[in-house]
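K.L.:
Below are the structure tokens for one structure; questions will follow.
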Amino acid sequence: MENVHYYVPSVNLVGRGCLGEIGREAVALHVKRAFVVASEGSVGEEQAAVVASVLAQVGVESRNFCKTVPNPTAASVRIGLEAYRGEACDGLVAVGGGSAIDAAKAIGILASNGGDILDYEGTDLSFNAMPPFIAISTTAGTGSEVTRFAVISDADHRKVTICDRHMTPHVSVNDPEMMVSMPPSLTAATGMDAFTHALEACVSTGATPITDGKALAAIELISHHLPRAVHDGRDIEARENMCYASFLAGSAFNNAGLGLVHAMAHPLGGLYDLPHGLCNALLLPSVCEFNLMAAFSKFARVAMCMGVGQSWRSERENAERMLGAISDLSRESGLPRGLQALGVKRDDLPRLAELAMLETIGSTNPRAYSSQDVLSLYENAF
């Protein structure tokens, strides 16, 4: 096994009420005026106000930037950078889902390195560390609060993946009390996003014993607690376990890599402006079936974690049972079935397949694939 680098935030807060500790962490990072990045609209404004209130208790000033849109764009990042500089801030706090956190990462990298965020497409292209950064997740799914990745859309709706060690947050926060008002549809989509992160990390060619442990633990937690969180958003125990699952899955894929599901989901979400987690959920069953022959052993372990495997069955039988369990989990979570239900047009599938082949995030998929394979998988998920 080759030597590996393992990236994770220096401080990770998980559990009920841990949001209250961000003031202490901001002071430890020597932040005096925080730039709070949140989504546009009343929800983002309320979340930013809560964060500002906690920071004010320890004397940290805040300037709220509640203008993040789903699938953040390079143009919106530039606006955020101007606001950050104009307010003379010295640290960032993101609160929300992956869009708010990714936008804050992009703003931070530009604040320290300059240029345009699209210049950083690729791996570790920045030279300077970004300002102190606290990432607060409110969705228990994207994992962005613990990763060195950000996804930003360009003017042509192409999703650009940036992987940079300097974008790893200094502090991650997963407080289930920030998630109880999340609607069932978003709970399901982000929960299946976390499940996809864990499963793709598990079968990735970049997996290690460290990432396997985290990925399999996340799969077990999600299988047992996601349906509960969807059906009763105030089930704080289910919410808390989904926080742990999101943290574990994010830590796993941050270091093991992902695969073909994400390579196909990125152009799909970019072209149709669809929620990333929902795209993952609808593509996952077809891609898993395609990858089955290359990862029987790993998929059999996943089946055991999901509670559908038996030690006396063969690896192949357990792996095949896993396929059904994934479809059941998606159905129990109330997600739609098929890309057509999302308004995807069959005529766009060849173009989507071409774009998916350009995604480097699929390079750690356990099975090699061609453009025709990808097109067939889109067709299967249609």
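Here, A, B, ... name the chains of the structure tokens in the order displayed, residue numbers run from 1 inside each chain, and ligands are numbered from 1 in the same displayed order.
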Considering only C-alpha atoms, return as a PyMOL selection string whatever protein or nucleic-acid residues lie within 10 Å of Leu342 (chain A), sequence-local ones (same chain, fewer than 5 positions apart) excluded.
P.N.:
chain A and resi 272+274+278-279+282+336-337+382
K.L.:
If we count only C-alpha atoms and set the cut-off at 9 Å, which residues sit around Leu19 (chain A), ignoring sequence neighbours fewer than 5 positions away in its own chain? Please answer as a VMD selection string.
P.N.:
chain A and resid 13 to 14 51 54 136 173 to 175 177 to 178
K.L.:
For the residues in that selection, give me C-alpha atoms as a PDB file, in the first residue's frame.
P.N.:
ATOM      1  CA  LEU A  13     -17.759  19.501  17.035  1.00  0.00           C
ATOM      2  CA  VAL A  14     -20.587  16.963  16.832  1.00  0.00           C
ATOM      3  CA  VAL A  51     -24.425  32.384  14.460  1.00  0.00           C
ATOM      4  CA  VAL A  54     -23.309  33.187  19.508  1.00  0.00           C
ATOM      5  CA  ILE A 136     -21.372  24.725  10.251  1.00  0.00           C
ATOM      6  CA  VAL A 173     -19.737  21.789  13.361  1.00  0.00           C
ATOM      7  CA  ASN A 174     -22.594  19.281  13.163  1.00  0.00           C
ATOM      8  CA  ASP A 175     -25.334  20.243  15.626  1.00  0.00           C
ATOM      9  CA  GLU A 177     -30.546  21.104  16.835  1.00  0.00           C
ATOM     10  CA  MET A 178     -29.816  23.157  13.710  1.00  0.00           C
TER      11      MET A 178
END
K.L.:
With only C-alpha atoms as the basis for distance, which of A:Ala252, A:Ala28, A:Met322, A:Ala74 is at the shortest distance from Ser144 (chain A)?
P.N.:
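Using only C-alpha atoms, Ser144 (chain A) sits closest to A:Ala252.
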K.L.:
If we count only C-alpha atoms, what is near Gly277 (chain A) at a cut-off of 12 Å, once residues fewer than 6 positions away on the same chain are taken out, given as an MDAnalysis selection string?
P.N.:
chainID A and resid 70:71 97:99 139:143 185:197 261:262 265:266 268:269 283:284 330 335
K.L.:
Residues as selected, N, CA, C and O atoms, written as a tab-separated table (two decimals), in the first residue's frame, can you do that?
P.N.:
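Saved as selection02.tsv:
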chain	number	residue	atom	x	y	z
A	70	PRO	N	-28.19	27.94	-4.50
A	70	PRO	CA	-27.88	26.53	-4.74
A	70	PRO	C	-26.95	26.41	-5.95
A	70	PRO	O	-27.06	27.16	-6.92
A	71	ASN	N	-26.01	25.48	-5.88
A	71	ASN	CA	-25.01	25.34	-6.94
A	71	ASN	C	-24.31	26.67	-7.18
A	71	ASN	O	-24.47	27.31	-8.24
A	97	GLY	N	-25.93	24.33	4.00
A	97	GLY	CA	-25.57	23.09	3.32
A	97	GLY	C	-24.29	23.26	2.53
A	97	GLY	O	-23.51	24.20	2.73
A	98	GLY	N	-24.09	22.36	1.59
A	98	GLY	CA	-22.86	22.37	0.82
A	98	GLY	C	-22.66	23.63	0.01
A	98	GLY	O	-21.52	24.07	-0.18
A	99	SER	N	-23.73	24.24	-0.45
A	99	SER	CA	-23.60	25.44	-1.27
A	99	SER	C	-22.98	26.59	-0.49
A	99	SER	O	-22.04	27.26	-0.96
A	139	THR	N	-27.35	20.33	7.28
A	139	THR	CA	-28.07	19.35	6.46
A	139	THR	C	-27.71	17.90	6.75
A	139	THR	O	-28.43	17.00	6.32
A	140	ALA	N	-26.62	17.61	7.42
A	140	ALA	CA	-26.21	16.23	7.69
A	140	ALA	C	-26.18	15.41	6.40
A	140	ALA	O	-26.88	14.42	6.27
A	141	GLY	N	-25.37	15.86	5.47
A	141	GLY	CA	-25.32	15.10	4.22
A	141	GLY	C	-24.19	15.44	3.29
A	141	GLY	O	-23.53	14.55	2.78
A	142	THR	N	-23.93	16.71	3.06
A	142	THR	CA	-22.96	17.05	2.02
A	142	THR	C	-21.53	16.71	2.41
A	142	THR	O	-20.70	16.43	1.55
A	143	GLY	N	-21.22	16.78	3.70
A	143	GLY	CA	-19.87	16.51	4.15
A	143	GLY	C	-18.90	17.64	3.88
A	143	GLY	O	-17.72	17.55	4.24
A	185	SER	N	-38.07	16.24	2.34
A	185	SER	CA	-37.44	16.05	1.02
A	185	SER	C	-35.95	16.38	1.07
A	185	SER	O	-35.13	15.66	0.50
A	186	LEU	N	-35.59	17.46	1.77
A	186	LEU	CA	-34.19	17.84	1.88
A	186	LEU	C	-33.43	16.88	2.79
A	186	LEU	O	-32.28	16.53	2.53
A	187	THR	N	-34.10	16.44	3.85
A	187	THR	CA	-33.49	15.44	4.74
A	187	THR	C	-33.13	14.19	3.96
A	187	THR	O	-32.04	13.62	4.11
A	188	ALA	N	-34.07	13.74	3.11
A	188	ALA	CA	-33.84	12.52	2.32
A	188	ALA	C	-32.72	12.71	1.32
A	188	ALA	O	-31.83	11.86	1.19
A	189	ALA	N	-32.75	13.83	0.59
A	189	ALA	CA	-31.74	14.06	-0.45
A	189	ALA	C	-30.34	14.18	0.14
A	189	ALA	O	-29.39	13.58	-0.37
A	190	THR	N	-30.19	14.95	1.21
A	190	THR	CA	-28.87	15.11	1.80
A	190	THR	C	-28.41	13.83	2.51
A	190	THR	O	-27.22	13.51	2.52
A	191	GLY	N	-29.37	13.10	3.09
A	191	GLY	CA	-29.01	11.83	3.72
A	191	GLY	C	-28.50	10.81	2.71
A	191	GLY	O	-27.52	10.10	2.97
A	192	MET	N	-29.13	10.75	1.55
A	192	MET	CA	-28.66	9.84	0.51
A	192	MET	C	-27.35	10.34	-0.11
A	192	MET	O	-26.56	9.54	-0.61
A	193	ASP	N	-27.13	11.64	-0.05
A	193	ASP	CA	-25.84	12.18	-0.47
A	193	ASP	C	-24.74	11.62	0.43
A	193	ASP	O	-23.70	11.15	-0.05
A	194	ALA	N	-24.97	11.66	1.75
A	194	ALA	CA	-23.99	11.11	2.69
A	194	ALA	C	-23.80	9.61	2.47
A	194	ALA	O	-22.67	9.10	2.53
A	195	PHE	N	-24.89	8.91	2.19
A	195	PHE	CA	-24.79	7.47	1.93
A	195	PHE	C	-23.92	7.22	0.70
A	195	PHE	O	-23.08	6.32	0.69
A	196	THR	N	-24.12	8.00	-0.34
A	196	THR	CA	-23.32	7.85	-1.56
A	196	THR	C	-21.85	8.14	-1.30
A	196	THR	O	-20.97	7.44	-1.80
A	197	HIS	N	-21.58	9.18	-0.51
A	197	HIS	CA	-20.19	9.48	-0.15
A	197	HIS	C	-19.55	8.27	0.51
A	197	HIS	O	-18.42	7.89	0.18
A	261	VAL	N	-20.67	7.64	-9.63
A	261	VAL	CA	-21.93	8.31	-9.28
A	261	VAL	C	-21.74	9.82	-9.30
A	261	VAL	O	-22.52	10.56	-9.91
A	262	HIS	N	-20.69	10.28	-8.65
A	262	HIS	CA	-20.45	11.73	-8.62
A	262	HIS	C	-20.04	12.27	-9.98
A	262	HIS	O	-20.40	13.41	-10.32
A	265	ALA	N	-23.30	12.70	-11.57
A	265	ALA	CA	-24.20	13.63	-10.89
A	265	ALA	C	-23.83	15.09	-11.15
A	265	ALA	O	-24.70	15.96	-11.24
A	266	HIS	N	-22.54	15.38	-11.25
A	266	HIS	CA	-22.11	16.77	-11.44
A	266	HIS	C	-22.67	17.40	-12.72
A	266	HIS	O	-23.27	18.48	-12.65
A	268	LEU	N	-25.22	16.44	-14.43
A	268	LEU	CA	-26.67	16.41	-14.33
A	268	LEU	C	-27.18	17.58	-13.49
A	268	LEU	O	-28.10	18.31	-13.89
A	269	GLY	N	-26.57	17.78	-12.32
A	269	GLY	CA	-26.96	18.89	-11.46
A	269	GLY	C	-26.66	20.24	-12.08
A	269	GLY	O	-27.42	21.20	-11.92
A	283	LEU	N	-28.95	8.02	-9.25
A	283	LEU	CA	-27.94	7.34	-10.06
A	283	LEU	C	-27.30	6.16	-9.33
A	283	LEU	O	-26.79	5.23	-9.97
A	284	LEU	N	-27.33	6.18	-8.02
A	284	LEU	CA	-26.60	5.20	-7.22
A	284	LEU	C	-26.94	3.75	-7.52
A	284	LEU	O	-26.02	2.93	-7.70
A	330	SER	N	-33.89	4.31	-0.43
A	330	SER	CA	-34.31	5.48	-1.19
A	330	SER	C	-35.83	5.61	-1.20
A	330	SER	O	-36.38	6.71	-1.02
A	335	LEU	N	-37.94	9.48	-1.87
A	335	LEU	CA	-37.35	10.13	-3.03
A	335	LEU	C	-38.03	9.66	-4.32
A	335	LEU	O	-38.52	8.54	-4.40
K.L.:
Just the residues within 9 Å of Asp154 (chain A), please, counting only C-alpha atoms, with nothing from its chain fewer than 5 positions along; format it as a VMD selection string.
P.N.:
chain A and resid 72 to 75 118 159 to 160
K.L.:
Suppose we keep C-alpha atoms; can you now write the selection as a compact mmCIF listing (two decimals), in the first residue's frame?
P.N.:
# COMPACT_ATOMS: atom_id res chain seq x y z
CA PRO A 72 -22.92 28.49 -6.30
CA THR A 73 -21.37 30.18 -9.31
CA ALA A 74 -18.02 31.81 -9.94
CA ALA A 75 -19.85 35.13 -10.33
CA LEU A 118 -12.02 28.79 -11.79
CA LYS A 159 -19.58 22.15 -12.29
CA VAL A 160 -15.92 22.72 -11.55
K.L.:
Got a sec to tell me which of region 46-145 of chain A DSSP assigns to strand (DSSP E or B), as a list in words?
P.N.:
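The strand (DSSP E or B) residues within region 46-145 of chain A come out as Glu61, Ser62, Arg63, Asn64, Phe65, Cys66, Lys67, Thr68, Thr73, Gly91, Leu92, Val93, Ala94, Val95, Gly96, Gly122, Thr123, Phe133, Ile134, Ala135, Ile136 and Ser137 of chain A.
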